[in-house]
>>> print(open('protein_18.cif').read())   # mmCIF, C-alpha atoms
data_protein
loop_
_atom_site.label_atom_id
_atom_site.label_comp_id
_atom_site.auth_asym_id
_atom_site.auth_seq_id
_atom_site.Cartn_x
_atom_site.Cartn_y
_atom_site.Cartn_z
CA MET A 1 -62.78 59.53 -166.78
CA THR A 2 -63.93 63.10 -167.37
CA ALA A 3 -67.05 64.52 -165.73
CA ALA A 4 -68.83 64.38 -169.08
CA ASP A 5 -67.83 60.74 -169.57
CA LEU A 6 -69.00 59.86 -166.07
CA GLN A 7 -72.33 61.63 -166.57
CA ALA A 8 -72.80 59.77 -169.84
CA ALA A 9 -72.00 56.44 -168.16
CA ILE A 10 -74.56 57.07 -165.42
CA ALA A 11 -77.13 58.13 -168.01
CA HIS A 12 -76.52 54.89 -169.92
CA MET A 13 -76.97 52.83 -166.74
CA GLY A 14 -80.22 54.65 -166.07
CA ALA A 15 -81.52 54.05 -169.59
CA THR A 16 -80.71 50.34 -169.53
CA ALA A 17 -82.17 50.00 -166.03
CA ARG A 18 -85.36 51.70 -167.19
CA ALA A 19 -85.65 49.29 -170.11
CA ALA A 20 -84.91 46.30 -167.88
CA SER A 21 -87.51 47.38 -165.32
CA ALA A 22 -90.31 46.98 -167.85
CA GLY A 23 -89.20 43.43 -168.64
CA LEU A 24 -88.81 42.53 -164.99
CA ALA A 25 -92.21 43.98 -164.03
CA ALA A 26 -93.88 41.88 -166.74
CA SER A 27 -91.96 38.69 -165.91
CA PRO A 28 -93.66 35.70 -164.27
CA ALA A 29 -93.16 35.31 -160.55
CA ALA A 30 -91.67 31.85 -161.18
CA ALA A 31 -88.75 33.37 -163.10
CA ARG A 32 -88.05 35.97 -160.42
CA ASN A 33 -88.20 33.30 -157.71
CA ALA A 34 -85.84 31.09 -159.72
CA ALA A 35 -83.34 33.94 -159.94
CA LEU A 36 -83.46 34.37 -156.15
CA ARG A 37 -82.99 30.67 -155.46
CA GLY A 38 -80.13 30.60 -157.96
CA LEU A 39 -78.55 33.58 -156.19
CA ALA A 40 -78.78 31.78 -152.83
CA ARG A 41 -77.09 28.74 -154.39
CA ARG A 42 -74.29 30.85 -155.86
CA LEU A 43 -73.70 32.67 -152.56
CA ARG A 44 -73.18 29.41 -150.71
CA ALA A 45 -70.98 27.96 -153.44
CA GLY A 46 -68.90 31.13 -153.60
CA VAL A 47 -68.10 31.63 -149.91
CA THR A 48 -64.35 31.24 -150.38
CA THR A 49 -64.18 33.66 -153.33
CA LEU A 50 -66.44 36.18 -151.61
CA GLN A 51 -64.46 36.11 -148.38
CA ALA A 52 -61.20 36.58 -150.27
CA ALA A 53 -62.59 39.67 -152.01
CA ASN A 54 -63.97 40.95 -148.73
CA GLN A 55 -60.64 40.45 -146.96
CA ARG A 56 -58.98 42.72 -149.52
CA ASP A 57 -61.51 45.42 -148.65
CA VAL A 58 -61.08 44.92 -144.89
CA ASP A 59 -57.28 45.04 -145.11
CA ALA A 60 -57.40 48.23 -147.19
CA ALA A 61 -59.92 49.83 -144.82
CA GLN A 62 -57.82 49.07 -141.75
CA SER A 63 -54.68 50.38 -143.47
CA ALA A 64 -56.57 53.57 -144.33
CA GLY A 65 -57.60 54.04 -140.71
CA LEU A 66 -61.34 53.52 -141.20
CA GLU A 67 -63.23 53.75 -137.90
CA ALA A 68 -63.82 50.45 -136.10
CA PRO A 69 -67.66 50.49 -136.39
CA LEU A 70 -67.36 50.94 -140.16
CA VAL A 71 -64.79 48.16 -140.45
CA ASP A 72 -67.16 45.94 -138.47
CA ARG A 73 -69.98 46.71 -140.89
CA LEU A 74 -67.67 45.95 -143.81
CA LYS A 75 -66.92 42.35 -142.79
CA LEU A 76 -68.60 39.57 -144.75
CA ASP A 77 -68.03 36.32 -142.90
CA ALA A 78 -69.56 32.90 -143.63
CA ALA A 79 -72.45 33.53 -141.23
CA ALA A 80 -73.32 36.82 -142.96
CA ILE A 81 -73.25 35.14 -146.37
CA GLU A 82 -75.54 32.37 -145.11
CA THR A 83 -77.93 35.00 -143.68
CA VAL A 84 -78.29 36.80 -147.02
CA ALA A 85 -78.65 33.46 -148.83
CA GLN A 86 -81.48 32.55 -146.46
CA GLY A 87 -82.95 35.99 -147.08
CA CYS A 88 -83.03 35.30 -150.82
CA GLU A 89 -84.84 32.02 -150.23
CA GLN A 90 -87.26 33.62 -147.79
CA ILE A 91 -88.09 36.34 -150.32
CA ALA A 92 -88.55 33.74 -153.06
CA ALA A 93 -91.04 31.87 -150.87
CA MET A 94 -93.14 34.97 -150.21
CA PRO A 95 -96.30 35.75 -152.20
CA ASP A 96 -95.76 37.82 -155.31
CA PRO A 97 -96.88 41.37 -154.46
CA ILE A 98 -97.12 42.51 -158.08
CA GLY A 99 -100.59 42.62 -159.59
CA GLU A 100 -102.41 42.05 -156.30
CA ILE A 101 -105.78 43.85 -156.31
CA THR A 102 -107.17 44.91 -152.94
CA GLY A 103 -110.16 46.83 -151.64
CA LEU A 104 -112.32 46.07 -154.67
CA ARG A 105 -115.81 47.41 -154.03
CA GLN A 106 -118.87 48.25 -156.09
CA GLN A 107 -120.00 51.85 -156.39
CA PRO A 108 -123.60 53.03 -156.90
CA SER A 109 -122.82 53.54 -160.60
CA GLY A 110 -122.10 49.82 -160.94
CA ILE A 111 -118.34 50.08 -161.45
CA HIS A 112 -115.97 48.16 -159.18
CA VAL A 113 -113.05 50.21 -157.84
CA GLY A 114 -109.90 48.83 -156.21
CA ARG A 115 -106.15 49.22 -156.13
CA MET A 116 -103.42 47.16 -157.77
CA ARG A 117 -99.90 46.85 -156.38
CA VAL A 118 -97.21 47.73 -158.95
CA PRO A 119 -93.42 48.18 -158.96
CA ILE A 120 -92.00 51.65 -158.39
CA GLY A 121 -89.77 51.24 -161.47
CA VAL A 122 -86.08 51.98 -160.89
CA PHE A 123 -84.53 52.72 -157.52
CA ALA A 124 -80.96 53.70 -156.77
CA MET A 125 -79.38 52.44 -153.57
CA ILE A 126 -76.47 54.48 -152.21
CA TYR A 127 -74.80 52.90 -149.19
CA GLU A 128 -71.63 52.62 -147.16
CA SER A 129 -69.66 49.69 -145.77
CA ARG A 130 -72.13 46.78 -145.51
CA PRO A 131 -71.66 44.62 -148.64
CA ASN A 132 -74.62 42.44 -147.64
CA VAL A 133 -76.78 45.38 -148.72
CA THR A 134 -75.81 44.59 -152.32
CA ILE A 135 -77.60 41.24 -152.10
CA GLU A 136 -80.50 42.45 -149.97
CA ALA A 137 -81.23 45.34 -152.34
CA ALA A 138 -80.90 43.24 -155.49
CA ALA A 139 -83.05 40.42 -154.07
CA LEU A 140 -85.84 42.76 -153.02
CA ALA A 141 -85.66 44.54 -156.38
CA ILE A 142 -85.95 41.27 -158.31
CA LYS A 143 -88.92 40.01 -156.30
CA SER A 144 -90.75 43.35 -156.41
CA GLY A 145 -90.24 43.74 -160.17
CA ASN A 146 -88.01 46.81 -159.85
CA ALA A 147 -84.69 47.49 -161.50
CA CYS A 148 -81.97 48.78 -159.19
CA ILE A 149 -78.75 50.74 -159.54
CA LEU A 150 -76.40 50.05 -156.63
CA ARG A 151 -73.64 52.38 -155.52
CA GLY A 152 -71.73 50.98 -152.56
CA GLY A 153 -68.91 52.69 -150.72
CA SER A 154 -65.40 52.63 -152.14
CA GLU A 155 -64.27 50.70 -149.05
CA ALA A 156 -66.41 47.70 -150.14
CA LEU A 157 -65.77 47.79 -153.89
CA GLN A 158 -64.10 44.36 -154.25
CA SER A 159 -66.81 42.68 -152.18
CA ASN A 160 -69.58 44.39 -154.12
CA LEU A 161 -68.08 43.53 -157.50
CA ALA A 162 -67.95 39.85 -156.54
CA LEU A 163 -71.53 39.90 -155.23
CA ALA A 164 -72.94 41.84 -158.20
CA LEU A 165 -71.47 39.26 -160.58
CA LEU A 166 -73.48 36.53 -158.82
CA VAL A 167 -76.66 38.61 -159.12
CA ARG A 168 -76.12 39.14 -162.85
CA GLU A 169 -75.43 35.44 -163.44
CA SER A 170 -78.61 34.51 -161.56
CA LEU A 171 -80.74 36.90 -163.62
CA VAL A 172 -79.35 35.52 -166.88
CA GLU A 173 -79.90 31.92 -165.77
CA ALA A 174 -83.56 32.72 -165.00
CA GLY A 175 -84.10 34.39 -168.38
CA LEU A 176 -84.44 37.87 -166.88
CA PRO A 177 -82.75 41.10 -168.08
CA PRO A 178 -79.29 41.28 -166.48
CA ASP A 179 -79.39 45.09 -166.44
CA ALA A 180 -82.17 44.90 -163.86
CA ALA A 181 -79.45 45.01 -161.18
CA GLN A 182 -76.38 47.13 -161.91
CA LEU A 183 -73.45 48.19 -159.76
CA VAL A 184 -71.76 51.57 -160.19
CA GLU A 185 -68.17 50.40 -160.45
CA THR A 186 -66.41 53.75 -160.16
CA THR A 187 -65.36 55.14 -156.78
CA ASP A 188 -65.67 58.72 -158.08
CA ARG A 189 -68.07 60.50 -155.72
CA ALA A 190 -69.33 62.64 -158.60
CA ALA A 191 -71.23 59.56 -159.79
CA VAL A 192 -73.59 59.95 -156.85
CA GLY A 193 -74.32 63.55 -157.82
CA PHE A 194 -75.25 62.54 -161.36
CA LEU A 195 -77.34 59.60 -160.13
CA ILE A 196 -79.46 61.56 -157.65
CA ALA A 197 -80.15 64.25 -160.26
CA SER A 198 -81.58 61.86 -162.87
CA PRO A 199 -85.39 61.75 -162.49
CA GLU A 200 -85.68 60.54 -166.06
CA ALA A 201 -83.85 57.34 -165.10
CA VAL A 202 -84.48 56.85 -161.37
CA ASP A 203 -87.80 56.91 -159.49
CA LEU A 204 -86.53 56.62 -155.92
CA ILE A 205 -83.23 57.15 -154.09
CA ILE A 206 -82.55 55.07 -150.98
CA PRO A 207 -79.45 56.19 -149.05
CA ARG A 208 -78.13 53.90 -146.32
CA GLY A 209 -75.13 55.07 -144.35
CA GLY A 210 -73.87 57.87 -142.15
CA LYS A 211 -75.80 61.01 -141.33
CA GLY A 212 -73.55 63.14 -143.56
CA LEU A 213 -74.23 60.98 -146.61
CA ILE A 214 -77.98 60.96 -146.07
CA GLU A 215 -78.18 64.71 -145.39
CA ARG A 216 -76.22 65.44 -148.58
CA ILE A 217 -78.47 63.24 -150.70
CA ALA A 218 -81.68 64.61 -149.18
CA ARG A 219 -80.42 68.13 -149.84
CA GLU A 220 -79.21 67.66 -153.42
CA ALA A 221 -81.49 65.00 -154.88
CA LYS A 222 -83.96 65.79 -157.64
CA VAL A 223 -85.57 62.39 -157.09
CA PRO A 224 -87.72 61.36 -154.08
CA VAL A 225 -85.58 60.06 -151.18
CA LEU A 226 -86.49 57.34 -148.66
CA LYS A 227 -84.33 58.02 -145.62
CA HIS A 228 -83.48 57.90 -141.96
CA LEU A 229 -80.82 60.09 -140.41
CA ASP A 230 -80.21 58.64 -136.93
CA GLY A 231 -80.88 55.60 -134.81
CA ASN A 232 -81.07 57.02 -131.28
CA CYS A 233 -83.07 54.11 -129.88
CA HIS A 234 -84.39 54.11 -126.29
CA VAL A 235 -85.33 51.41 -123.81
CA TYR A 236 -87.58 52.59 -120.97
CA VAL A 237 -87.73 50.39 -117.85
CA ASP A 238 -91.10 51.08 -116.27
CA ALA A 239 -91.97 51.07 -112.56
CA GLU A 240 -93.98 47.89 -113.19
CA ALA A 241 -91.30 46.07 -115.16
CA ASP A 242 -90.08 42.54 -114.54
CA LEU A 243 -86.53 43.58 -113.67
CA GLU A 244 -84.96 40.25 -114.61
CA MET A 245 -86.55 40.55 -118.05
CA ALA A 246 -85.52 44.20 -118.25
CA LEU A 247 -81.91 43.30 -117.47
CA ALA A 248 -81.80 40.79 -120.34
CA ILE A 249 -83.54 43.12 -122.79
CA VAL A 250 -81.38 46.18 -122.07
CA ASP A 251 -78.20 44.08 -122.23
CA ASN A 252 -79.20 42.59 -125.59
CA ALA A 253 -80.43 45.89 -127.02
CA LYS A 254 -77.09 47.55 -126.29
CA THR A 255 -74.40 44.89 -126.41
CA GLN A 256 -75.54 42.15 -128.84
CA LYS A 257 -73.93 44.30 -131.54
CA LEU A 258 -72.81 47.89 -131.13
CA SER A 259 -72.76 49.20 -134.69
CA PRO A 260 -76.33 48.71 -136.07
CA CYS A 261 -78.81 51.56 -136.14
CA ASN A 262 -81.26 49.54 -133.99
CA ALA A 263 -78.86 49.17 -131.04
CA ALA A 264 -80.04 50.98 -127.90
CA GLU A 265 -78.25 54.26 -127.27
CA SER A 266 -80.36 55.62 -124.38
CA LEU A 267 -81.66 53.96 -121.22
CA LEU A 268 -84.52 55.50 -119.23
CA VAL A 269 -85.36 54.00 -115.82
CA HIS A 270 -88.31 54.84 -113.58
CA SER A 271 -87.23 56.26 -110.23
CA ASP A 272 -89.25 53.60 -108.32
CA VAL A 273 -87.00 50.80 -109.62
CA ALA A 274 -83.78 52.70 -110.38
CA ALA A 275 -82.07 51.88 -107.05
CA THR A 276 -82.45 48.16 -107.79
CA PHE A 277 -82.10 48.10 -111.56
CA LEU A 278 -79.27 50.53 -112.27
CA PRO A 279 -76.60 48.80 -110.12
CA ALA A 280 -77.58 45.47 -111.73
CA ILE A 281 -77.36 46.70 -115.33
CA GLY A 282 -74.33 48.78 -114.39
CA ALA A 283 -72.49 45.62 -113.35
CA VAL A 284 -73.36 43.99 -116.70
CA PHE A 285 -72.15 47.01 -118.63
CA ALA A 286 -69.00 47.28 -116.52
CA LYS A 287 -68.02 43.71 -117.42
CA LYS A 288 -68.59 44.44 -121.10
CA GLY A 289 -66.74 47.76 -121.13
CA ILE A 290 -69.80 49.94 -121.81
CA GLU A 291 -69.38 53.56 -120.69
CA MET A 292 -72.47 54.99 -118.98
CA ARG A 293 -73.13 58.71 -119.36
CA GLY A 294 -75.79 59.54 -116.82
CA ASP A 295 -77.74 62.32 -115.19
CA ALA A 296 -77.03 63.10 -111.52
CA ALA A 297 -79.59 60.62 -110.20
CA ALA A 298 -78.27 57.78 -112.35
CA LEU A 299 -74.62 58.47 -111.51
CA ALA A 300 -75.38 58.49 -107.79
CA LEU A 301 -76.84 54.98 -108.07
CA LEU A 302 -74.00 53.71 -110.29
CA GLN A 303 -71.07 55.04 -108.23
CA GLY A 304 -70.69 51.86 -106.23
CA VAL A 305 -70.52 49.52 -109.24
CA ALA A 306 -67.07 47.95 -109.46
CA GLY A 307 -65.25 48.78 -112.69
CA ALA A 308 -68.02 51.02 -113.99
CA ARG A 309 -66.99 53.59 -116.61
CA LEU A 310 -69.05 56.65 -115.72
CA ALA A 311 -69.37 60.19 -117.06
CA ALA A 312 -71.82 63.03 -116.63
CA ALA A 313 -74.22 63.26 -119.56
CA THR A 314 -74.32 66.47 -121.56
CA GLU A 315 -77.28 67.79 -123.51
CA ASP A 316 -75.71 66.33 -126.66
CA ASP A 317 -75.57 62.85 -125.13
CA TRP A 318 -79.35 62.57 -125.04
CA ARG A 319 -79.41 62.97 -128.85
CA GLU A 320 -76.32 60.95 -129.73
CA GLU A 321 -76.24 57.82 -131.90
CA TYR A 322 -72.98 56.38 -130.52
CA LEU A 323 -72.62 53.14 -132.52
CA ALA A 324 -70.02 52.39 -129.86
CA ALA A 325 -69.58 51.09 -126.30
CA ILE A 326 -71.41 54.06 -124.76
CA ILE A 327 -74.98 54.52 -123.51
CA SER A 328 -76.77 57.49 -121.99
CA VAL A 329 -78.72 56.79 -118.79
CA LYS A 330 -81.47 58.88 -117.18
CA VAL A 331 -83.78 58.39 -114.22
CA VAL A 332 -87.34 59.55 -114.93
CA ALA A 333 -90.23 60.14 -112.55
CA SER A 334 -93.02 58.80 -114.74
CA LEU A 335 -94.10 57.23 -118.00
CA ASP A 336 -95.09 60.72 -119.14
CA GLU A 337 -91.55 62.00 -118.59
CA ALA A 338 -90.12 59.03 -120.48
CA ILE A 339 -92.40 59.68 -123.48
CA ARG A 340 -91.59 63.41 -123.43
CA HIS A 341 -87.84 62.64 -123.34
CA ILE A 342 -88.12 60.27 -126.31
CA GLU A 343 -90.15 62.81 -128.28
CA ARG A 344 -87.62 65.59 -127.58
CA TYR A 345 -84.38 63.68 -128.15
CA GLY A 346 -85.28 60.56 -130.12
CA SER A 347 -84.85 59.97 -133.84
CA HIS A 348 -88.21 58.22 -134.42
CA HIS A 349 -86.41 54.97 -135.29
CA THR A 350 -87.09 52.32 -132.61
CA ASP A 351 -88.07 52.65 -128.95
CA ALA A 352 -89.05 50.01 -126.39
CA ILE A 353 -90.79 49.78 -123.02
CA VAL A 354 -90.31 47.00 -120.49
CA THR A 355 -93.44 46.73 -118.35
CA ASP A 356 -96.02 44.32 -116.94
CA SER A 357 -98.68 47.03 -117.12
CA HIS A 358 -100.98 46.61 -120.11
CA ALA A 359 -102.19 50.19 -119.76
CA HIS A 360 -98.65 51.57 -119.78
CA ALA A 361 -97.71 49.36 -122.71
CA MET A 362 -100.68 50.56 -124.77
CA ARG A 363 -99.98 54.22 -123.96
CA PHE A 364 -96.35 53.78 -125.02
CA LEU A 365 -97.41 52.13 -128.29
CA ARG A 366 -99.90 54.90 -129.06
CA GLU A 367 -97.92 57.93 -127.97
CA VAL A 368 -94.30 57.19 -128.97
CA ASP A 369 -94.06 58.46 -132.55
CA SER A 370 -91.41 56.10 -133.92
CA ALA A 371 -91.20 53.78 -136.92
CA SER A 372 -91.00 50.74 -134.60
CA VAL A 373 -92.36 50.72 -131.04
CA MET A 374 -91.85 47.65 -128.88
CA VAL A 375 -93.15 46.15 -125.65
CA ASN A 376 -90.91 43.75 -123.71
CA ALA A 377 -88.53 43.12 -126.62
CA SER A 378 -85.05 44.21 -127.64
CA THR A 379 -84.72 47.10 -130.11
CA ARG A 380 -82.38 44.81 -132.08
CA PHE A 381 -85.48 43.14 -133.55
CA ALA A 382 -86.15 46.23 -135.71
CA ASP A 383 -84.90 44.50 -138.82
CA GLY A 384 -86.47 43.29 -142.04
CA PHE A 385 -85.20 39.73 -141.62
CA GLU A 386 -86.53 39.55 -138.05
CA TYR A 387 -89.87 41.05 -139.13
CA GLY A 388 -90.30 38.32 -141.73
CA LEU A 389 -89.68 40.58 -144.72
CA GLY A 390 -86.86 38.32 -145.96
CA ALA A 391 -84.48 41.26 -146.06
CA GLU A 392 -84.74 45.00 -145.85
CA ILE A 393 -83.71 47.78 -148.17
CA GLY A 394 -83.26 50.02 -145.13
CA ILE A 395 -85.23 51.57 -142.29
CA SER A 396 -87.31 54.64 -143.01
CA THR A 397 -88.18 57.22 -140.38
CA ASP A 398 -90.21 59.19 -142.93
CA LYS A 399 -93.98 59.07 -142.56
CA LEU A 400 -94.95 59.01 -146.23
CA HIS A 401 -95.04 55.89 -148.43
CA ALA A 402 -93.01 53.53 -146.21
CA ARG A 403 -91.98 53.57 -142.55
CA GLY A 404 -89.74 51.29 -140.50
CA PRO A 405 -87.95 48.32 -142.13
CA VAL A 406 -88.67 48.59 -145.86
CA GLY A 407 -89.19 45.26 -147.59
CA LEU A 408 -91.18 44.18 -150.64
CA GLU A 409 -94.30 46.24 -150.01
CA GLY A 410 -92.24 49.38 -149.44
CA LEU A 411 -90.75 48.97 -152.92
CA THR A 412 -94.14 49.01 -154.59
CA SER A 413 -96.82 51.58 -155.23
CA GLN A 414 -100.53 51.25 -155.91
CA LYS A 415 -102.65 52.38 -158.82
CA TRP A 416 -106.42 52.61 -158.96
CA VAL A 417 -108.17 50.08 -161.17
CA VAL A 418 -111.76 50.28 -162.32
CA LEU A 419 -113.68 47.23 -163.58
CA GLY A 420 -116.86 47.94 -165.50
CA GLN A 421 -119.44 46.36 -167.74
CA GLY A 422 -120.24 49.28 -169.97
CA GLU A 423 -121.29 51.74 -167.25
CA LEU A 424 -121.46 55.41 -168.33
CA ARG A 425 -121.24 58.46 -166.08
CA GLY A 426 -124.33 60.61 -165.93
CA HIS A 427 -124.70 64.06 -164.40
#
>>> encode(input="protein_18.cif", output="structure tokens")
Amino acid sequence: MTAADLQAAIAHMGATARAASAGLAASPAAARNAALRGLARRLRAGVTTLQAANQRDVDAAQSAGLEAPLVDRLKLDAAAIETVAQGCEQIAAMPDPIGEITGLRQQPSGIHVGRMRVPIGVFAMIYESRPNVTIEAAALAIKSGNACILRGGSEALQSNLALALLVRESLVEAGLPPDAAQLVETTDRAAVGFLIASPEAVDLIIPRGGKGLIERIAREAKVPVLKHLDGNCHVYVDAEADLEMALAIVDNAKTQKLSPCNAAESLLVHSDVAATFLPAIGAVFAKKGIEMRGDAAALALLQGVAGARLAAATEDDWREEYLAAIISVKVVASLDEAIRHIERYGSHHTDAIVTDSHAHAMRFLREVDSASVMVNASTRFADGFEYGLGAEIGISTDKLHARGPVGLEGLTSQKWVVLGQGELRGH
């Protein structure tokens, strides 16, 4: 396919998506919910077919030498399929956000002024590896009345083709426009360039993948971009922490799964409890093969841990999103130092404090400028499904429009509505 042919194909997808978005936005909630329930049914019925398609992608990725964390994200096992099916059902059960009027109040002139929630229109999702994103994005688009154009990574093409077919079938069955959810089927990277430079067809770009991909899109896009670049998530163990609780939280935040962006990458421990806590968590990490890159104080306390994999932390380690069996470790003298460290090195994604002090917890919540801030909970909870959003389109570390896990509400906008009874403006 020539560049001109590819550009024309993307333009056609955009035009049909734009047309479909109007039909979807005007559709009854019952039809959109029926499409989601039908999609959940098809996902469960198609487990064998979906896993076969996914295995072809996994085999090809491993043969091509794709990095282990990306291969892990690529896998679509039965549990993952069930999770996205449940997500579809959860989204279907949620209230319809479209058309909701809030804040309606009467002005001195007599008019009533409020705001109505409306779809954004058409969004394009550009993502790597995770094929479950195909379903999450399509499901959220359907419920929120938006059309979507999905461009997954070439490494997941067979999985995404199989999943997109189920989405299309579900839309048709519910009497909705099938072009409301389209998959870019070419692996030509030039397609992304055409897509992100099409403001006439696309209202919002949502990249989900590695830092390089997101930086490129943010730099080149002519359409607004909803993004996050890194997930350098911290857990701070306070001087007044329940250390048994802290041990469980830090272990879960780091080791429950290494590859997600909400996994803990940095551990900060108050000096008052470091001598007790660090050897204990060090033993847990040693058993699980987690390398600890610490400052001098942390390394001194970890030296005696049997089997511990230790290294001196560099300046770069404090900023690193490892997505691997590595964590940076620092001993801090105070809550203030912990907050300053997070502000300097963090990525404003998700940060947690473990403490029994209400005052310290409230300061951490107020002063840590991240999309999700947690008290006595694992950073792994920073997820649309866990937050009750049904699924997420991604996690935004931007401050405008949407922040944190982006679900239904983040895929809508608001317009002002005025209700009158013949009122006229005077002077």
>>> closest_residue(input="protein_18.cif", among="A:Lys288, A:Lys399, A:Arg168, A:Arg73", to="A:Gly210", atoms="all atoms listed in the file")
A:Arg73
>>> residues_near_point(input="protein_18.cif", point="(-83.5, 43.9, -148.5)", cutoff="9 Å", atoms="only C-alpha atoms", output="list in words")
Val84, Gly87, Cys88, Val133, Thr134, Ile135, Glu136, Ala137, Ala138, Ala139, Leu140, Ala141, Gly384, Phe385, Leu389, Gly390, Ala391, Glu392, Ile393, Gly394, Pro405, Val406, Gly407 and Leu408 of chain A
>>> resolve_selection(input="protein_18.cif", expression="the PyMOL selection byres ((chain A and resi 9) around 12)", output="ChimeraX atom specification")
/A:1-8,10-16,183-186,190-192,194-195
>>> residues_around(input="protein_18.cif", residues="A:Trp318", least_positions_apart="3", cutoff="7 Å", atoms="only C-alpha atoms", output="count of residues only")
3
>>> closest_residue(input="protein_18.cif", among="A:Asn33, A:Gln55, A:Ser259, A:Gln414", to="A:Ile98", atoms="all atoms listed in the file")
A:Gln414
>>> closest_residue(input="protein_18.cif", among="A:Glu128, A:Ile101, A:Val118, A:Ile91", to="A:Val71", atoms="only C-alpha atoms")
A:Glu128
>>> resolve_selection(input="protein_18.cif", expression="the PyMOL selection byres ((chain A and resi 233) around 10)", output="PyMOL selection string")
chain A and resi 230-232+234-235+253-254+261-267+319-321+342+345-352+370+372-373+379-380
>>> atom_distance(input="protein_18.cif", atom1="atom CA of A:Arg340", atom2="atom CA of A:Ala382")
21.8 Å
>>> closest_residue(input="protein_18.cif", among="A:Arg366, A:His112, A:His270, A:Arg344", to="A:Lys330", atoms="only C-alpha atoms")
A:His270
